[in-house]
file target_7.txt (compact mmCIF, C-alpha atoms)
# COMPACT_ATOMS: atom_id res chain seq x y z
CA MET A 276 5.43 -22.47 75.92
CA PRO A 277 5.35 -20.10 72.90
CA LEU A 278 2.68 -20.66 70.31
CA GLN A 279 3.77 -22.60 67.24
CA PRO A 280 4.15 -20.22 64.29
CA TRP A 281 1.89 -21.31 61.44
CA VAL A 282 3.75 -20.61 58.22
CA PRO A 283 1.66 -20.94 55.03
CA GLN A 284 3.04 -23.53 52.63
CA PRO A 285 1.85 -23.39 49.00
CA THR A 286 0.39 -26.55 47.47
CA THR A 287 0.21 -27.48 43.82
CA ASP A 288 -3.29 -26.08 43.19
CA GLY A 289 -2.36 -22.63 44.52
CA SER A 290 -3.97 -23.07 47.95
CA PHE A 291 -2.02 -23.25 51.18
CA THR A 292 -1.50 -25.54 54.14
CA PHE A 293 0.44 -25.59 57.40
CA PHE A 294 3.01 -28.03 58.75
CA SER A 295 2.54 -29.26 62.33
CA GLU A 296 5.76 -29.69 64.24
CA ASP A 297 3.84 -31.52 66.98
CA PHE A 298 2.53 -34.21 64.62
CA GLY A 299 5.31 -34.08 62.03
CA GLU A 300 2.86 -33.75 59.12
CA SER A 301 1.21 -31.19 56.89
CA PHE A 302 -2.50 -30.58 57.34
CA HIS A 303 -3.19 -31.37 53.67
CA SER A 304 -1.76 -33.09 50.64
CA LEU A 305 0.90 -30.92 49.01
CA HIS A 306 -0.71 -31.87 45.68
CA GLY A 307 -3.51 -29.44 46.49
CA ALA A 308 -5.13 -28.57 49.81
CA ARG A 309 -8.25 -27.04 48.28
CA ALA A 310 -8.60 -29.81 45.69
CA GLU A 311 -8.35 -32.44 48.42
CA ALA A 312 -11.20 -30.83 50.35
CA PHE A 313 -13.49 -31.10 47.33
CA SER A 314 -12.48 -34.53 45.99
CA LYS A 315 -12.00 -36.52 49.20
CA PHE A 316 -14.74 -34.97 51.31
CA VAL A 317 -17.37 -32.97 49.41
CA VAL A 318 -17.63 -35.22 46.35
CA ALA A 319 -17.20 -38.37 48.43
CA THR A 320 -20.18 -37.50 50.65
CA GLU A 321 -22.33 -36.52 47.62
CA LEU A 322 -23.06 -33.02 48.90
CA ARG A 323 -23.96 -31.67 45.46
CA THR A 324 -26.95 -34.04 45.42
CA LYS A 325 -27.82 -33.57 49.07
CA ALA A 326 -27.76 -29.79 48.65
CA HIS A 327 -31.23 -29.96 47.09
CA HIS A 328 -32.60 -30.67 50.56
CA ARG A 329 -33.99 -27.80 52.59
CA HIS A 330 -31.76 -28.58 55.56
CA LEU A 331 -28.34 -30.23 55.89
CA ARG A 332 -26.32 -31.15 58.94
CA LEU A 333 -22.52 -31.42 58.76
CA LEU A 334 -19.83 -32.61 61.18
CA ASP A 335 -16.21 -31.62 60.50
CA VAL A 336 -13.87 -33.72 62.66
CA CYS A 337 -10.51 -31.92 62.89
CA TYR A 338 -11.51 -28.59 61.38
CA GLY A 339 -7.94 -27.29 61.03
CA LEU A 340 -7.78 -24.51 58.45
CA GLY A 341 -11.49 -24.94 57.71
CA TYR A 342 -11.03 -26.04 54.10
CA ASN A 343 -13.43 -29.00 54.25
CA THR A 344 -16.14 -26.81 55.75
CA ALA A 345 -15.44 -24.08 53.20
CA ALA A 346 -15.59 -26.47 50.25
CA ALA A 347 -18.85 -27.92 51.56
CA LEU A 348 -20.52 -24.53 51.95
CA GLU A 349 -19.35 -23.36 48.52
CA THR A 350 -20.82 -26.50 46.96
CA ILE A 351 -24.11 -26.52 48.85
CA TRP A 352 -24.96 -22.87 48.29
CA ALA A 353 -23.92 -22.96 44.63
CA VAL A 354 -26.57 -25.64 44.12
CA ASN A 355 -29.18 -24.32 46.54
CA PRO A 356 -28.64 -20.83 48.02
CA GLU A 357 -31.64 -21.40 50.32
CA CYS A 358 -30.32 -24.56 51.96
CA GLN A 359 -30.19 -24.25 55.75
CA VAL A 360 -26.92 -25.68 57.07
CA GLU A 361 -26.24 -26.75 60.65
CA LEU A 362 -22.56 -27.39 61.25
CA TYR A 363 -20.45 -28.61 64.14
CA ALA A 364 -16.66 -28.63 63.86
CA LEU A 365 -14.18 -30.22 66.26
CA GLU A 366 -10.68 -28.78 66.64
CA LEU A 367 -7.92 -29.18 69.21
CA ASP A 368 -5.92 -26.00 68.56
CA ALA A 369 -7.68 -22.63 68.20
CA THR A 370 -4.56 -21.02 66.74
CA VAL A 371 -4.86 -23.02 63.51
CA PRO A 372 -8.15 -21.54 62.22
CA GLN A 373 -7.04 -18.14 63.50
CA ALA A 374 -3.84 -18.29 61.43
CA ALA A 375 -5.80 -19.56 58.43
CA ILE A 376 -7.85 -16.36 58.02
CA ALA A 377 -4.83 -14.23 57.14
CA PRO A 378 -4.28 -13.31 53.48
CA PRO A 379 -3.63 -15.02 51.12
CA LEU A 380 -5.11 -18.17 52.67
CA LEU A 381 -8.70 -16.94 52.29
CA ASP A 382 -8.35 -15.76 48.69
CA GLY A 383 -9.68 -18.93 47.06
CA TRP A 384 -13.09 -18.74 48.75
CA SER A 385 -16.15 -16.60 48.05
CA PRO A 386 -16.75 -13.52 50.25
CA THR A 387 -19.64 -15.32 51.98
CA VAL A 388 -17.50 -18.30 52.92
CA GLN A 389 -14.57 -16.09 53.88
CA ALA A 390 -16.86 -14.37 56.38
CA VAL A 391 -17.86 -17.75 57.84
CA LEU A 392 -14.23 -18.82 58.28
CA GLN A 393 -13.41 -15.52 59.97
CA GLN A 394 -16.30 -15.79 62.41
CA MET A 395 -15.51 -19.40 63.23
CA ALA A 396 -11.87 -18.54 63.93
CA LEU A 397 -12.55 -15.43 66.00
CA THR A 398 -15.74 -16.27 67.90
CA HIS A 399 -16.00 -20.07 67.41
CA ALA A 400 -19.51 -19.68 66.00
CA CYS A 401 -21.33 -18.24 63.01
CA ILE A 402 -25.03 -17.56 62.74
CA SER A 403 -26.53 -16.23 59.53
CA PRO A 404 -29.84 -16.65 57.68
CA HIS A 405 -28.67 -19.96 56.16
CA LEU A 406 -26.07 -21.20 58.63
CA THR A 407 -25.77 -22.14 62.27
CA ALA A 408 -22.18 -23.20 62.94
CA THR A 409 -20.26 -24.02 66.11
CA LEU A 410 -16.56 -24.74 66.60
CA LEU A 411 -15.97 -27.00 69.61
CA LEU A 412 -12.41 -26.68 70.91
CA GLY A 413 -10.55 -29.39 72.80
CA ASP A 414 -9.87 -33.11 72.57
CA ALA A 415 -12.37 -34.45 70.02
CA ARG A 416 -12.82 -37.61 72.11
CA GLN A 417 -14.50 -35.46 74.74
CA THR A 418 -16.13 -32.70 72.68
CA ILE A 419 -17.96 -35.17 70.44
CA GLN A 420 -19.78 -36.52 73.47
CA THR A 421 -21.73 -33.26 73.61
CA LEU A 422 -23.12 -34.08 70.17
CA CYS A 423 -23.87 -37.68 71.13
CA THR A 424 -25.96 -36.60 74.10
CA SER A 425 -27.81 -34.01 72.00
CA SER A 426 -28.78 -36.65 69.38
CA PHE A 427 -27.16 -34.61 66.58
CA GLN A 428 -26.91 -36.65 63.39
CA ALA A 429 -25.03 -35.40 60.36
CA ASP A 430 -25.83 -35.96 56.69
CA ALA A 431 -22.08 -35.82 56.03
CA ILE A 432 -19.06 -36.26 58.27
CA PHE A 433 -15.60 -35.10 57.21
CA PHE A 434 -13.09 -37.21 59.13
CA ASP A 435 -9.70 -35.56 58.76
CA PRO A 436 -7.27 -36.09 61.67
CA PHE A 437 -3.53 -36.43 61.23
CA SER A 438 -2.48 -39.91 60.11
CA PRO A 439 -3.10 -42.95 62.35
CA ARG A 440 0.57 -43.40 63.18
CA ARG A 441 0.82 -39.76 64.24
CA CYS A 442 -2.56 -39.37 65.96
CA PRO A 443 -3.87 -42.85 66.82
CA GLN A 444 -6.21 -41.39 69.48
CA LEU A 445 -8.75 -40.43 66.80
CA TRP A 446 -8.64 -43.66 64.78
CA THR A 447 -9.74 -46.14 67.44
CA ILE A 448 -12.75 -48.43 67.64
CA GLU A 449 -14.03 -46.43 70.60
CA PHE A 450 -13.84 -43.04 68.92
CA PHE A 451 -15.40 -44.32 65.71
CA ALA A 452 -18.26 -45.69 67.81
CA LEU A 453 -18.98 -42.15 69.03
CA VAL A 454 -18.69 -40.78 65.51
CA ALA A 455 -21.12 -43.42 64.23
CA ARG A 456 -23.73 -42.16 66.68
CA CYS A 457 -23.47 -38.76 65.00
CA LEU A 458 -24.18 -40.00 61.46
CA ALA A 459 -27.72 -39.96 60.09
CA PRO A 460 -29.13 -43.29 58.84
CA ASP A 461 -28.62 -42.23 55.22
CA GLY A 462 -25.49 -40.14 55.84
CA LYS A 463 -21.90 -40.73 54.74
CA LEU A 464 -18.54 -40.34 56.41
CA ALA A 465 -15.48 -39.62 54.27
CA THR A 466 -11.82 -39.91 55.22
CA TYR A 467 -8.61 -39.79 53.22
CA SER A 468 -7.29 -42.89 55.03
CA ARG A 469 -7.31 -46.30 53.38
CA SER A 470 -5.52 -47.94 56.31
CA ALA A 471 -6.70 -51.47 57.08
CA ALA A 472 -6.54 -50.68 60.81
CA VAL A 473 -8.83 -47.69 60.25
CA ARG A 474 -11.25 -49.67 58.11
CA SER A 475 -11.34 -52.48 60.66
CA ALA A 476 -12.14 -49.99 63.43
CA MET A 477 -14.89 -48.47 61.30
CA GLN A 478 -16.43 -51.90 60.72
CA SER A 479 -16.34 -52.65 64.43
CA ALA A 480 -18.17 -49.37 65.05
CA GLY A 481 -20.97 -50.42 62.69
CA PHE A 482 -19.99 -48.80 59.40
CA CYS A 483 -20.29 -50.45 56.01
CA LEU A 484 -17.16 -49.71 53.98
CA GLY A 485 -16.68 -48.25 50.54
CA THR A 486 -13.55 -47.19 48.71
CA LEU A 487 -12.74 -43.91 47.02
CA PRO A 488 -11.34 -45.21 43.71
CA PRO A 489 -7.96 -43.90 42.54
CA ASP A 490 -7.46 -41.78 39.46
CA THR A 491 -7.35 -43.58 36.12
CA ASP A 492 -3.55 -43.55 36.02
CA HIS A 493 -2.14 -44.91 39.26
CA LEU A 494 0.63 -47.12 40.58
CA PRO A 495 -0.06 -50.53 42.23
CA HIS A 496 0.40 -49.09 45.72
CA GLU A 497 -2.15 -46.33 45.03
CA TRP A 498 -5.19 -48.61 45.23
CA SER A 499 -7.51 -46.09 46.87
CA GLN A 500 -7.80 -42.39 47.70
CA GLY A 501 -9.74 -42.97 50.90
CA THR A 502 -12.63 -44.67 52.65
CA ILE A 503 -16.36 -43.97 52.78
CA GLY A 504 -18.49 -45.18 55.66
CA SER A 505 -22.28 -45.50 55.73
CA PHE A 506 -24.97 -47.76 57.15
CA ASP A 507 -26.07 -48.96 53.69
CA ALA A 508 -23.51 -50.90 51.65
CA GLN A 509 -25.63 -50.50 48.51
CA THR A 510 -24.77 -46.79 48.34
CA LEU A 511 -21.00 -47.40 48.34
CA HIS A 512 -18.32 -48.21 45.79
CA PRO A 513 -17.31 -51.70 47.01
CA LEU A 514 -13.82 -52.56 48.16
CA THR A 515 -11.72 -54.37 45.56
CA GLN A 516 -10.48 -57.92 46.13
CA LEU A 517 -7.09 -56.46 47.03
CA GLU A 518 -8.68 -54.25 49.68
CA GLN A 519 -10.84 -57.04 51.06
CA GLU A 520 -7.77 -59.24 51.49
CA HIS A 521 -5.93 -56.34 53.14
CA LEU A 522 -8.57 -56.51 55.88
CA GLN A 523 -7.54 -60.12 56.58
CA THR A 524 -3.93 -59.22 57.41
CA ARG A 525 -2.21 -58.01 60.57
CA ALA A 526 -2.42 -54.49 59.17
CA ALA A 527 -6.14 -54.67 60.01
CA VAL A 528 -5.60 -55.00 63.76
CA PRO A 529 -7.45 -51.88 64.96
CA TYR A 530 -6.32 -49.20 67.38
CA ARG A 531 -8.00 -49.32 70.79
CA ASP A 532 -8.57 -46.69 73.47
CA PRO A 533 -11.07 -48.09 76.04
CA THR A 534 -10.96 -45.02 78.29
CA LEU A 535 -11.03 -42.48 75.43
CA ARG A 536 -8.17 -40.74 77.23
CA GLY A 537 -5.14 -42.79 76.20
CA ASP A 538 -2.02 -41.05 74.90
CA ALA A 539 -0.51 -41.80 71.51
CA THR A 540 2.47 -43.73 72.88
CA THR A 541 0.30 -46.08 74.91
CA ILE A 542 -2.17 -46.70 72.08
CA LEU A 543 0.63 -47.40 69.59
CA GLU A 544 2.43 -49.76 71.98
CA GLN A 545 -0.75 -51.74 72.68
CA HIS A 546 -1.47 -51.88 68.95
CA TYR A 547 2.02 -53.23 68.25
CA GLN A 548 1.67 -55.89 70.92
CA GLU A 549 -1.70 -57.00 69.53
CA GLN A 550 -0.26 -57.21 66.02
CA GLN A 551 2.64 -59.34 67.26
CA GLN A 552 0.21 -61.79 68.86
CA SER A 553 -2.13 -61.90 65.86
CA THR A 554 -2.54 -65.09 63.81
CA LEU A 555 -3.67 -63.13 60.73
CA GLU A 556 -1.65 -63.22 57.51
CA SER A 557 1.42 -61.00 57.51
CA THR A 558 1.01 -57.78 55.57
CA SER A 559 4.29 -58.41 53.72
CA SER A 560 2.84 -61.66 52.34
CA TRP A 561 -0.24 -59.80 51.09
CA ARG A 562 2.00 -57.18 49.47
CA ARG A 563 4.03 -59.81 47.63
CA ARG A 564 0.86 -61.51 46.37
CA TRP A 565 -0.43 -58.26 44.88
CA GLY A 566 2.94 -56.97 43.64
CA ILE A 567 2.99 -54.00 45.99
CA ARG A 568 6.46 -52.77 46.85
call {"tool": "encode", "arguments": {"input": "target_7.txt", "output": "structure tokens"}}
result
Amino acid sequence: MPLQPWVPQPTTDGSFTFFSEDFGESFHSLHGARAEAFSKFVVATELRTKAHHRHLRLLDVCYGLGYNTAAALETIWAVNPECQVELYALELDATVPQAAIAPPLLDGWSPTVQAVLQQMALTHACISPHLTATLLLGDARQTIQTLCTSSFQADAIFFDPFSPRRCPQLWTIEFFALVARCLAPDGKLATYSRSAAVRSAMQSAGFCLGTLPPDTDHLPHEWSQGTIGSFDAQTLHPLTQLEQEHLQTRAAVPYRDPTLRGDATTILEQHYQEQQQSTLESTSSWRRRWGIR
């Protein structure tokens, strides 16, 4: 099978993304790939504050073009150039980071970070005076188990798979349980998803939930920009009443993958069957109550 050609697509902030034919989605928001990396991952995990530490550990789940890693490193070293960073990144397809180091995709990053992205793409590792980074290739459900057995615990986790309906394998209770083992006691996980099924799975895996509030001007259906997970609810922006009630509807039935090897079709079919048998409130009823079209 020929390799999928990765064609750069411009986003509103001048950065680029790719479109995956396999998953039927872009890797980033077309409103701004670079901006999304900062707002939904770096800011959400409070890396500017954490950068004052001497040592930080990061886990980038679904590395893709490397933008979340790049935004994190730019932020950390701007605050504290001496901070020692240990990074693990999980990625299924090695051709994505390789395609992402071609001009002009690297232009928005500093020379130091450009060099990191190039090394990660070409050799799957980068070692420098202030960075030890490893790119683990393959199904994240298996590669993350290496980190679990090594007792690696991240100060920040960037959780950025394709959407749950496109890639349910990485949004299950079982996978989140593995991810939770890789988060430090005072760490934070950030994801763009506000799905009730995702949040329910995160809760089942032991996470406390926080919301990433929307911009000041937003429509009723734009109630959140994402979800933050931690082990301390006091450090989180609490879910609104609307969001709490969303977790009491059939939309909150989580995805399951007991063997950690299920395919998307099987996981989606089992999820549908569980929703059909659920006695929870219908999601359409919740939408009507909150005026969400």
call {"tool": "residues_around", "arguments": {"input": "target_7.txt", "residues": "stretch 545-557 of chain A", "least_positions_apart": "6", "cutoff": "12 Å", "atoms": "all atoms listed in the file", "output": "PyMOL selection string"}}
result
chain A and resi 439-440+443-444+446-448+472+520-533+537-539+563-564
call {"tool": "closest_residue", "arguments": {"input": "target_7.txt", "among": "A:Met395, A:Ala310, A:Ala415, A:Ala431", "to": "A:Val360", "atoms": "all atoms listed in the file"}}
result
A:Ala431
call {"tool": "atom_distance", "arguments": {"input": "target_7.txt", "atom1": "atom CA of A:Pro513", "atom2": "atom CA of A:Thr350"}}
result
25.4 Å
call {"tool": "residues_around", "arguments": {"input": "target_7.txt", "residues": "stretch 370-378 of chain A", "least_positions_apart": "3", "cutoff": "9 Å", "atoms": "only C-alpha atoms", "output": "PyMOL selection string"}}
result
chain A and resi 278-283+291-293+338-341+366-367+381-382+389+392-393+395-397
call {"tool": "atom_distance", "arguments": {"input": "target_7.txt", "atom1": "atom CA of A:Arg329", "atom2": "atom CA of A:Thr486"}}
result
28.4 Å
call {"tool": "atom_distance", "arguments": {"input": "target_7.txt", "atom1": "atom CA of A:Ser505", "atom2": "atom CA of A:Leu445"}}
result
18.2 Å
call {"tool": "closest_residue", "arguments": {"input": "target_7.txt", "among": "A:Ala400, A:Asp507, A:Ile567, A:Ser560", "to": "A:Gly481", "atoms": "only C-alpha atoms"}}
result
A:Asp507
call {"tool": "residues_around", "arguments": {"input": "target_7.txt", "residues": "A:Glu321", "least_positions_apart": "4", "cutoff": "10 Å", "atoms": "only C-alpha atoms", "output": "PDB file with C-alpha atoms, in the coordinates of the input"}}
result
ATOM      1  CA  PHE A 316     -14.740 -34.970  51.310  1.00  0.00           C
ATOM      2  CA  VAL A 317     -17.370 -32.970  49.410  1.00  0.00           C
ATOM      3  CA  LYS A 325     -27.820 -33.570  49.070  1.00  0.00           C
ATOM      4  CA  ALA A 326     -27.760 -29.790  48.650  1.00  0.00           C
ATOM      5  CA  ASP A 430     -25.830 -35.960  56.690  1.00  0.00           C
ATOM      6  CA  ALA A 431     -22.080 -35.820  56.030  1.00  0.00           C
ATOM      7  CA  GLY A 462     -25.490 -40.140  55.840  1.00  0.00           C
ATOM      8  CA  LYS A 463     -21.900 -40.730  54.740  1.00  0.00           C
TER       9      LYS A 463
END
call {"tool": "decode", "arguments": {"input": "target_7.txt", "residues": "stretch 358-389 of chain A", "atoms": "N, CA, C and O atoms", "output": "mmCIF file, in the first residue's frame"}}
result
data_model
loop_
_atom_site.group_PDB
_atom_site.id
_atom_site.type_symbol
_atom_site.label_atom_id
_atom_site.label_comp_id
_atom_site.auth_asym_id
_atom_site.auth_seq_id
_atom_site.Cartn_x
_atom_site.Cartn_y
_atom_site.Cartn_z
ATOM 1 N N CYS A 358 15.647 24.470 32.670
ATOM 2 C CA CYS A 358 14.756 23.372 33.053
ATOM 3 C C CYS A 358 15.110 22.102 32.273
ATOM 4 O O CYS A 358 15.222 22.115 31.043
ATOM 5 N N GLN A 359 15.256 21.007 32.996
ATOM 6 C CA GLN A 359 15.545 19.710 32.383
ATOM 7 C C GLN A 359 14.216 19.017 32.064
ATOM 8 O O GLN A 359 13.415 18.765 32.968
ATOM 9 N N VAL A 360 14.005 18.714 30.792
ATOM 10 C CA VAL A 360 12.744 18.117 30.359
ATOM 11 C C VAL A 360 12.960 16.667 29.940
ATOM 12 O O VAL A 360 13.870 16.371 29.159
ATOM 13 N N GLU A 361 12.112 15.784 30.464
ATOM 14 C CA GLU A 361 12.073 14.395 30.026
ATOM 15 C C GLU A 361 10.728 14.181 29.345
ATOM 16 O O GLU A 361 9.682 14.434 29.937
ATOM 17 N N LEU A 362 10.774 13.750 28.102
ATOM 18 C CA LEU A 362 9.562 13.661 27.294
ATOM 19 C C LEU A 362 9.431 12.293 26.653
ATOM 20 O O LEU A 362 10.393 11.762 26.091
ATOM 21 N N TYR A 363 8.217 11.744 26.732
ATOM 22 C CA TYR A 363 7.852 10.575 25.941
ATOM 23 C C TYR A 363 6.665 10.962 25.066
ATOM 24 O O TYR A 363 5.741 11.635 25.532
ATOM 25 N N ALA A 364 6.725 10.544 23.800
ATOM 26 C CA ALA A 364 5.640 10.819 22.866
ATOM 27 C C ALA A 364 5.206 9.515 22.215
ATOM 28 O O ALA A 364 6.047 8.683 21.871
ATOM 29 N N LEU A 365 3.897 9.339 22.075
ATOM 30 C CA LEU A 365 3.334 8.135 21.465
ATOM 31 C C LEU A 365 2.739 8.502 20.115
ATOM 32 O O LEU A 365 1.991 9.479 20.006
ATOM 33 N N GLU A 366 3.065 7.728 19.086
ATOM 34 C CA GLU A 366 2.564 8.018 17.741
ATOM 35 C C GLU A 366 2.439 6.726 16.952
ATOM 36 O O GLU A 366 3.318 5.861 17.004
ATOM 37 N N LEU A 367 1.339 6.601 16.223
ATOM 38 C CA LEU A 367 1.087 5.401 15.430
ATOM 39 C C LEU A 367 1.865 5.398 14.117
ATOM 40 O O LEU A 367 2.421 4.378 13.714
ATOM 41 N N ASP A 368 1.914 6.551 13.450
ATOM 42 C CA ASP A 368 2.415 6.632 12.071
ATOM 43 C C ASP A 368 3.658 7.503 11.981
ATOM 44 O O ASP A 368 3.591 8.725 12.115
ATOM 45 N N ALA A 369 4.804 6.897 11.743
ATOM 46 C CA ALA A 369 6.075 7.637 11.680
ATOM 47 C C ALA A 369 6.129 8.630 10.541
ATOM 48 O O ALA A 369 6.917 9.594 10.579
ATOM 49 N N THR A 370 5.305 8.442 9.506
ATOM 50 C CA THR A 370 5.373 9.356 8.359
ATOM 51 C C THR A 370 4.818 10.737 8.677
ATOM 52 O O THR A 370 5.124 11.705 7.982
ATOM 53 N N VAL A 371 3.985 10.838 9.720
ATOM 54 C CA VAL A 371 3.399 12.146 10.055
ATOM 55 C C VAL A 371 4.461 13.119 10.570
ATOM 56 O O VAL A 371 4.624 14.199 10.012
ATOM 57 N N PRO A 372 5.205 12.792 11.637
ATOM 58 C CA PRO A 372 6.258 13.724 12.074
ATOM 59 C C PRO A 372 7.339 13.931 11.017
ATOM 60 O O PRO A 372 7.920 15.018 10.927
ATOM 61 N N GLN A 373 7.587 12.933 10.187
ATOM 62 C CA GLN A 373 8.576 13.104 9.120
ATOM 63 C C GLN A 373 8.118 14.151 8.116
ATOM 64 O O GLN A 373 8.897 15.010 7.699
ATOM 65 N N ALA A 374 6.838 14.101 7.736
ATOM 66 C CA ALA A 374 6.309 15.087 6.788
ATOM 67 C C ALA A 374 6.223 16.476 7.398
ATOM 68 O O ALA A 374 6.273 17.485 6.688
ATOM 69 N N ALA A 375 6.115 16.523 8.733
ATOM 70 C CA ALA A 375 5.911 17.804 9.418
ATOM 71 C C ALA A 375 7.189 18.625 9.580
ATOM 72 O O ALA A 375 7.134 19.760 10.048
ATOM 73 N N ILE A 376 8.344 18.064 9.217
ATOM 74 C CA ILE A 376 9.588 18.838 9.363
ATOM 75 C C ILE A 376 10.014 19.489 8.052
ATOM 76 O O ILE A 376 11.087 20.079 7.963
ATOM 77 N N ALA A 377 9.157 19.402 7.040
ATOM 78 C CA ALA A 377 9.451 20.082 5.775
ATOM 79 C C ALA A 377 9.000 21.537 5.862
ATOM 80 O O ALA A 377 7.997 21.835 6.506
ATOM 81 N N PRO A 378 9.743 22.466 5.224
ATOM 82 C CA PRO A 378 9.282 23.848 5.186
ATOM 83 C C PRO A 378 7.935 23.887 4.453
ATOM 84 O O PRO A 378 7.720 23.089 3.535
ATOM 85 N N PRO A 379 7.025 24.787 4.816
ATOM 86 C CA PRO A 379 7.158 25.833 5.842
ATOM 87 C C PRO A 379 6.602 25.426 7.210
ATOM 88 O O PRO A 379 6.370 26.284 8.051
ATOM 89 N N LEU A 380 6.375 24.126 7.433
ATOM 90 C CA LEU A 380 5.704 23.714 8.665
ATOM 91 C C LEU A 380 6.502 24.026 9.919
ATOM 92 O O LEU A 380 5.944 24.199 10.993
ATOM 93 N N LEU A 381 7.835 24.091 9.804
ATOM 94 C CA LEU A 381 8.674 24.357 10.973
ATOM 95 C C LEU A 381 8.868 25.839 11.260
ATOM 96 O O LEU A 381 9.388 26.203 12.314
ATOM 97 N N ASP A 382 8.461 26.687 10.336
ATOM 98 C CA ASP A 382 8.849 28.105 10.394
ATOM 99 C C ASP A 382 8.395 28.827 11.659
ATOM 100 O O ASP A 382 9.021 29.792 12.085
ATOM 101 N N GLY A 383 7.306 28.382 12.275
ATOM 102 C CA GLY A 383 6.782 29.114 13.433
ATOM 103 C C GLY A 383 7.508 28.827 14.737
ATOM 104 O O GLY A 383 7.211 29.477 15.743
ATOM 105 N N TRP A 384 8.473 27.892 14.726
ATOM 106 C CA TRP A 384 9.146 27.511 15.960
ATOM 107 C C TRP A 384 10.578 28.027 15.999
ATOM 108 O O TRP A 384 11.187 28.290 14.963
ATOM 109 N N SER A 385 11.119 28.168 17.192
ATOM 110 C CA SER A 385 12.496 28.637 17.353
ATOM 111 C C SER A 385 13.471 27.616 16.777
ATOM 112 O O SER A 385 13.130 26.423 16.648
ATOM 113 N N PRO A 386 14.693 28.020 16.426
ATOM 114 C CA PRO A 386 15.682 27.067 15.895
ATOM 115 C C PRO A 386 15.923 25.882 16.829
ATOM 116 O O PRO A 386 16.092 24.745 16.366
ATOM 117 N N THR A 387 15.923 26.137 18.146
ATOM 118 C CA THR A 387 16.149 25.049 19.105
ATOM 119 C C THR A 387 15.045 24.000 19.020
ATOM 120 O O THR A 387 15.308 22.794 18.978
ATOM 121 N N VAL A 388 13.815 24.459 18.967
ATOM 122 C CA VAL A 388 12.682 23.535 18.913
ATOM 123 C C VAL A 388 12.587 22.887 17.534
ATOM 124 O O VAL A 388 12.229 21.710 17.419
ATOM 125 N N GLN A 389 12.919 23.611 16.494
ATOM 126 C CA GLN A 389 12.956 22.999 15.163
ATOM 127 C C GLN A 389 13.907 21.814 15.142
ATOM 128 O O GLN A 389 13.596 20.755 14.574
#
